[in-house]
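One structure below.
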Amino acid sequence: MTTTDLHNPADGSVLMTLDLLDADAVDDAVARARTAQRAWARLAPVERGQALRAFADAVRDHVEELARLEVANSGHPIGQARWEAGHVADVLTYYAAAPERLFGRQIPVAGGIDMTFAEPIGVIGVITPWNFPMTIASWGFAPALAAGNAVLVKPAEWTPLTTIRLGEIAVQAGLPDGLLQVLPGRGSVLGERLVTHPGVGKVVFTGSTATGARVMAAAAPTVTNVTLELGGKSANVVFADADLERAAATAPYGVFENAGQDCCARSRILVQESVYERFMELLEPAVAGVRVGDPADEATEMGPLVSRPHWEKVASYVPDDAPVAFRGSAPSGPGNWFAPTVLTPSSRTDRTVVEEIFGPVVTVLRFSDEADAIALANDTAYGLSGSIWTRDVSRAFRVARAVEAGNLSVNSHSSVRYATPFGGFKQSGIGRELGPDAPLAFTETKNVFVAVEDGPRSDQQSVAVEDAAQEESA
Ligand code: ADP
């Protein structure tokens with residue numbers, strides 16, 4: 001057993017020392033999960049739904065406590081943290097209806113009855129990042145449990161506390177022992193063991209593209225199914241015909257939410273040349289107006305970065321000679337504070353334009369026309385989200401269809417709704433989370449054919465029989 005110190009990002013103080021589990025803990029966890037899963041899958045669908053609803057209600061009763069814990073461990077502004085805890089309850093409520101809606105299909109074939117069943121995979125590993133600990137864990141465990149699986153969650157090293165608490169709340173709410181386990185540990189140790197363990201049937205990984213590629217490679221020898229939700233470098237495309245006031249006023253929220261530690265951050269603002277100067281005039285006060293400060297303060301809109309090592313990584317993108325157009329404010333003193341920063345690099349291939357910074361740093365580039373905007377938006381290895389600002393409905397649809405990204409919004413920066421699918425194109429990932437189909441991603445399709453003697457024949461069979469009869473008479 002090793003330990004790790006957890007820090008409060010707002011002041012750098014040590015919150016607590018946490019025990020981390022070793023890789024061997026996965027063996028025991030998988031065995032317990034498998035036992036729990038067999039019983040869980042045998043419950044009536046309505047009973048599984050009731051258990052998930054009870055879990056959702058318990059989370060709702062603990063929203064304030066979970067939110068305060070996230071403020072302390074992750075530095076999220078309290079208002080946002082409350083939304084996150086409430087979102088977990090909403091996700092559980094949404095998927096509580098799923099067990100009774102896991103429909104198979106009856107397919108017309110010759111000689112009998114054919115049907116499909118959505119069978120649970122068994123034990124699912126959910127590996128989460130440090131940026132949105134609670135919500136991303138719930139996107140994995142809620143639909144996976146609904147589909148009849150057990151789930152092992154490995155939270156990120158820096159921000160495990162709310163996920164650990166959710167695991168306790170699940171047990172208090174009556175979820176069977178072992179069905180949902182939270183295993184704090186190092187990614188390269190416990191995380192890797194979760195991916196390679198033969199008893200884990202599927203892994204949902206959210207994190208960086210580099211680590212996601214490693215997870216995919218580690219999953220290959222056991223042919224373990226993976227869903228990957230990885231990085232992003234999304235475009236916020238502002239056309240000359242847009243409501244410029246609204247586009248500029250909201251652009252900071254499209255990128256600086258959660259201090260830019262968001263895979264959906266619109267970290268490349270692309271502005272049509274003819275309105276560039278006007279847009280920048282409007283953007284400057286909007287950036288200055290972002291309230292950066294104590295995450296426990298109700299008025300705070302942006303808190304500190306999650307950790308000192310991450311602060312250093314973000315700072316490396318803004319050296320003294322960086323092309324800073326303007327910056328917002330940030331507290332001084334202890335804590336991982338970083339002011340919202342707007343860069344205007346001269347090159348479209350600058351590293352600040354190409355690489356995911358995962359901090360409150362945005363680049364602004366100009367484009368000439370619609371074709372140039374689409375080319376620029378797609379000139380990235382990523383494809384997670386993006387925004388399009390225009391008053392022209394046809395243009396909105398043309399551009400939305402042409403941008404290679406999984407989650408686009410027009411005249412909005414909204415990316416995440418539990419009822420709609422979420423995930424990325426290109427190196428932003430594989431598979432989709434959330435939405436009505438998410439439980440199916442945690443099932444194997446089983447096809448069963450039942451022969452029926454002297455039953456009705458399908459058209460194909462009739463044709464085949466007639467062909468044979470004709471051949472015989474010829
Ligand atoms: P970051 O988001 O800081 O870039 P990562 O993408 O590396 O972090 O990590 C996301 C999650 O993946 C964390 O829970 C981390 O512990 C875990 N992880 C890191 N390395 C591995 C690995 N080799 N196998 C499985 N999980 C890993």
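Convention: chains lettered A, B, ... in structure tokens order; per-chain residue numbering from 1; ligands numbered from 1 as shown.
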Got a sec: who's within 10 Å of Val46 in chain A, counting only C-alpha atoms, leaving out chain neighbours fewer than 5 positions off, as an mmCIF file with N, CA and C atoms, in the first residue's frame?
```
data_model
loop_
_atom_site.group_PDB
_atom_site.id
_atom_site.type_symbol
_atom_site.label_atom_id
_atom_site.label_comp_id
_atom_site.auth_asym_id
_atom_site.auth_seq_id
_atom_site.Cartn_x
_atom_site.Cartn_y
_atom_site.Cartn_z
ATOM 1 N N ALA A 51 -33.496 0.202 -7.651
ATOM 2 C CA ALA A 51 -32.228 0.356 -6.917
ATOM 3 C C ALA A 51 -31.460 1.578 -7.424
ATOM 4 N N LEU A 52 -31.481 1.789 -8.732
ATOM 5 C CA LEU A 52 -30.774 2.959 -9.283
ATOM 6 C C LEU A 52 -31.468 4.261 -8.885
ATOM 7 N N ALA A 96 -32.146 4.850 -14.695
ATOM 8 C CA ALA A 96 -32.981 3.950 -13.896
ATOM 9 C C ALA A 96 -34.130 3.396 -14.734
ATOM 10 N N ALA A 97 -34.495 4.112 -15.799
ATOM 11 C CA ALA A 97 -35.583 3.642 -16.666
ATOM 12 C C ALA A 97 -35.073 2.622 -17.684
ATOM 13 N N ALA A 98 -33.760 2.527 -17.831
ATOM 14 C CA ALA A 98 -33.197 1.725 -18.920
ATOM 15 C C ALA A 98 -33.370 0.208 -18.771
ATOM 16 N N PRO A 99 -33.280 -0.362 -17.549
ATOM 17 C CA PRO A 99 -33.403 -1.827 -17.479
ATOM 18 C C PRO A 99 -34.683 -2.346 -18.118
ATOM 19 N N GLU A 100 -35.760 -1.573 -18.012
ATOM 20 C CA GLU A 100 -37.033 -2.039 -18.587
ATOM 21 C C GLU A 100 -37.148 -1.716 -20.074
#
```
Test item: residues no farther than 7 Å from ligand 1, counting only C-alpha atoms and all ligand atoms, as JSON, numbers by chain: {"A": [127, 128, 129, 130, 154, 155, 156, 157, 186, 187, 188, 191, 192, 195, 205, 206, 207, 208, 209, 210, 211, 212, 214, 215]}
In range 9-224 of chain A, DSSP strand (DSSP E) residues written as a PyMOL selection string: chain A and resi 14-20+106-109+112-120+123-127+150-154+180-182+202-206
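Residues lying within 6 Å of range 251-263 of chain A, counting only C-alpha atoms and ignoring same-chain neighbours fewer than 3 positions away, are Asn131, Gly231, Gly232, Ala247, Ala248, Arg266, Ser267, Val287, Met302, Phe358, Gly359, Pro360 and His413 of chain A.
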Can those selected residues be exported to a file as an mmCIF file, in the first residue's frame so that it contains N, CA and C atoms?
```cif
data_model
loop_
_atom_site.group_PDB
_atom_site.id
_atom_site.type_symbol
_atom_site.label_atom_id
_atom_site.label_comp_id
_atom_site.auth_asym_id
_atom_site.auth_seq_id
_atom_site.Cartn_x
_atom_site.Cartn_y
_atom_site.Cartn_z
ATOM 1 N N ASN A 131 -10.490 16.070 -14.086
ATOM 2 C CA ASN A 131 -11.158 17.368 -14.326
ATOM 3 C C ASN A 131 -12.624 17.414 -13.910
ATOM 4 N N GLY A 231 -8.826 13.788 -25.658
ATOM 5 C CA GLY A 231 -8.605 15.237 -25.659
ATOM 6 C C GLY A 231 -9.425 15.981 -26.698
ATOM 7 N N GLY A 232 -9.248 17.284 -26.707
ATOM 8 C CA GLY A 232 -9.944 18.120 -27.680
ATOM 9 C C GLY A 232 -9.197 19.422 -27.922
ATOM 10 N N ALA A 247 -21.847 36.459 -29.066
ATOM 11 C CA ALA A 247 -20.721 35.548 -29.335
ATOM 12 C C ALA A 247 -19.530 35.935 -28.462
ATOM 13 N N ALA A 248 -19.265 37.251 -28.353
ATOM 14 C CA ALA A 248 -18.101 37.688 -27.568
ATOM 15 C C ALA A 248 -18.362 37.539 -26.069
ATOM 16 N N ARG A 266 -13.701 25.338 -25.959
ATOM 17 C CA ARG A 266 -13.542 25.922 -27.304
ATOM 18 C C ARG A 266 -12.283 26.772 -27.245
ATOM 19 N N SER A 267 -11.129 26.120 -27.368
ATOM 20 C CA SER A 267 -9.850 26.784 -27.103
ATOM 21 C C SER A 267 -9.247 27.429 -28.348
ATOM 22 N N VAL A 287 -13.591 39.000 -21.104
ATOM 23 C CA VAL A 287 -12.545 38.214 -20.431
ATOM 24 C C VAL A 287 -12.203 38.862 -19.084
ATOM 25 N N MET A 302 -14.568 31.115 -11.943
ATOM 26 C CA MET A 302 -13.411 30.298 -12.323
ATOM 27 C C MET A 302 -12.483 30.159 -11.124
ATOM 28 N N PHE A 358 -5.407 22.658 -21.934
ATOM 29 C CA PHE A 358 -6.186 22.234 -20.765
ATOM 30 C C PHE A 358 -6.077 23.237 -19.621
ATOM 31 N N GLY A 359 -6.059 24.509 -20.004
ATOM 32 C CA GLY A 359 -6.022 25.591 -19.020
ATOM 33 C C GLY A 359 -6.735 26.790 -19.612
ATOM 34 N N PRO A 360 -6.784 27.918 -18.857
ATOM 35 C CA PRO A 360 -7.550 29.075 -19.325
ATOM 36 C C PRO A 360 -6.789 29.907 -20.355
ATOM 37 N N HIS A 413 -22.673 27.259 -26.389
ATOM 38 C CA HIS A 413 -21.475 26.460 -26.105
ATOM 39 C C HIS A 413 -21.834 25.189 -25.352
#
```
Who sits within 6 Å of range 268-278 of chain A, only C-alpha atoms, same chain under 4 positions skipped, as a list in words: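 Once the nearby chain positions are removed, what remains is Ala235, Asn236, Val237, Val238, Phe239, Ala240, Val362, Thr363, Val364, Leu365, Arg366, Phe367 and Ser368 of chain A.
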Since we have the selection now, will you write its residues out, keeping N, CA and C atoms, as an mmCIF file, in the first residue's frame?
```cif
data_model
loop_
_atom_site.group_PDB
_atom_site.id
_atom_site.type_symbol
_atom_site.label_atom_id
_atom_site.label_comp_id
_atom_site.auth_asym_id
_atom_site.auth_seq_id
_atom_site.Cartn_x
_atom_site.Cartn_y
_atom_site.Cartn_z
ATOM 1 N N ALA A 235 -13.055 24.257 -31.908
ATOM 2 C CA ALA A 235 -13.149 25.580 -32.521
ATOM 3 C C ALA A 235 -14.441 26.279 -32.112
ATOM 4 N N ASN A 236 -14.339 27.578 -31.933
ATOM 5 C CA ASN A 236 -15.510 28.437 -31.743
ATOM 6 C C ASN A 236 -15.504 29.368 -32.955
ATOM 7 N N VAL A 237 -16.345 29.056 -33.933
ATOM 8 C CA VAL A 237 -16.288 29.743 -35.219
ATOM 9 C C VAL A 237 -17.296 30.888 -35.236
ATOM 10 N N VAL A 238 -16.809 32.111 -35.406
ATOM 11 C CA VAL A 238 -17.679 33.285 -35.366
ATOM 12 C C VAL A 238 -17.732 33.923 -36.760
ATOM 13 N N PHE A 239 -18.892 33.811 -37.403
ATOM 14 C CA PHE A 239 -19.069 34.395 -38.729
ATOM 15 C C PHE A 239 -19.472 35.869 -38.613
ATOM 16 N N ALA A 240 -19.233 36.610 -39.694
ATOM 17 C CA ALA A 240 -19.516 38.053 -39.694
ATOM 18 C C ALA A 240 -20.996 38.346 -39.451
ATOM 19 N N VAL A 362 -6.704 30.735 -24.557
ATOM 20 C CA VAL A 362 -7.410 30.578 -25.827
ATOM 21 C C VAL A 362 -6.644 31.318 -26.920
ATOM 22 N N THR A 363 -6.619 30.738 -28.113
ATOM 23 C CA THR A 363 -6.001 31.431 -29.249
ATOM 24 C C THR A 363 -7.112 31.982 -30.146
ATOM 25 N N VAL A 364 -6.846 33.136 -30.763
ATOM 26 C CA VAL A 364 -7.801 33.704 -31.715
ATOM 27 C C VAL A 364 -7.111 33.801 -33.077
ATOM 28 N N LEU A 365 -7.749 33.234 -34.090
ATOM 29 C CA LEU A 365 -7.237 33.295 -35.464
ATOM 30 C C LEU A 365 -8.319 33.871 -36.372
ATOM 31 N N ARG A 366 -7.888 34.420 -37.519
ATOM 32 C CA ARG A 366 -8.861 34.967 -38.487
ATOM 33 C C ARG A 366 -9.064 33.974 -39.634
ATOM 34 N N PHE A 367 -10.268 34.002 -40.210
ATOM 35 C CA PHE A 367 -10.494 33.233 -41.444
ATOM 36 C C PHE A 367 -11.160 34.143 -42.471
ATOM 37 N N SER A 368 -11.063 33.729 -43.745
ATOM 38 C CA SER A 368 -11.581 34.584 -44.814
ATOM 39 C C SER A 368 -13.046 34.284 -45.127
#
```
Please build the interface table for range 11-107 of chain A against range 140-146 of chain A with a cut-off of 12 Å, listing for each qualifying residue the nearest atom pair and the distance in Å to one decimal; count only C-alpha atoms, order rows by chain and increasing number, and write it as CSV.
```
residue,atom,partner,partner_atom,distance
A:Ala33,CA,A:Leu145,CA,11.4
A:Ala36,CA,A:Leu145,CA,11.2
A:Gln37,CA,A:Leu145,CA,8.9
A:Arg38,CA,A:Leu145,CA,11.9
A:Trp40,CA,A:Leu145,CA,8.7
A:Ala41,CA,A:Leu145,CA,9.2
A:Leu43,CA,A:Ala146,CA,11.3
A:Ala44,CA,A:Ala146,CA,11.5
A:Pro45,CA,A:Ala146,CA,8.6
A:Val46,CA,A:Ala146,CA,10.4
A:Glu47,CA,A:Ala146,CA,10.5
A:Arg48,CA,A:Ala146,CA,6.9
A:Gly49,CA,A:Ala146,CA,7.1
A:Gln50,CA,A:Ala146,CA,10.4
A:Ala51,CA,A:Ala146,CA,9.6
A:Leu52,CA,A:Ala146,CA,7.6
A:Arg53,CA,A:Ala142,CA,10.5
A:Phe55,CA,A:Ala142,CA,9.9
A:Ala56,CA,A:Ala142,CA,9.6
A:His87,CA,A:Ala142,CA,11.6
A:Val88,CA,A:Ala142,CA,8.7
A:Ala89,CA,A:Ala142,CA,9.6
A:Asp90,CA,A:Ala142,CA,10.0
A:Val91,CA,A:Ala142,CA,6.7
A:Leu92,CA,A:Ala142,CA,5.4
A:Thr93,CA,A:Ala142,CA,8.7
A:Tyr94,CA,A:Ala142,CA,8.7
A:Tyr95,CA,A:Pro143,CA,5.7
A:Ala96,CA,A:Ala146,CA,6.4
A:Ala97,CA,A:Ala146,CA,8.1
A:Ala98,CA,A:Ala146,CA,6.0
A:Pro99,CA,A:Ala146,CA,5.4
A:Glu100,CA,A:Ala146,CA,9.1
A:Arg101,CA,A:Ala146,CA,9.9
A:Leu102,CA,A:Ala146,CA,9.1
```
Residue neighbourhood Leu15 in chain A, 8 Å, only C-alpha atoms, exclusion window fewer than 3 positions, as a count of residues only: 6
Which of A:Tyr382, A:Phe132, A:Phe117, A:Phe326 sits closest to Gln80 in chain A [using only C-alpha atoms]: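 Residue with the minimum atom-to-atom distance to Gln80 in chain A: A:Phe132.
Atom to atom, CA of Ala325 in chain A and CA of Glu355 in chain A stand 19.0 Å apart.
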Nearby residues (only C-alpha atoms) at most 7 Å from Leu408 in chain A, same-chain spacing under 2 positions excluded, as a ChimeraX atom specification: /A:385-387,400,405-406,410
Near-Leu179 in chain A list (10 Å; only C-alpha atoms; drop same-chain fewer than 6 positions) as an MDAnalysis selection string: chainID A and resid 29:30 32:40 123 145 148:152 167 170:171
Point-to-point distance from CA of Thr445 in chain A to CA of Leu194 in chain A, Å rounded to tenths: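 It comes out at 23.4 Å.
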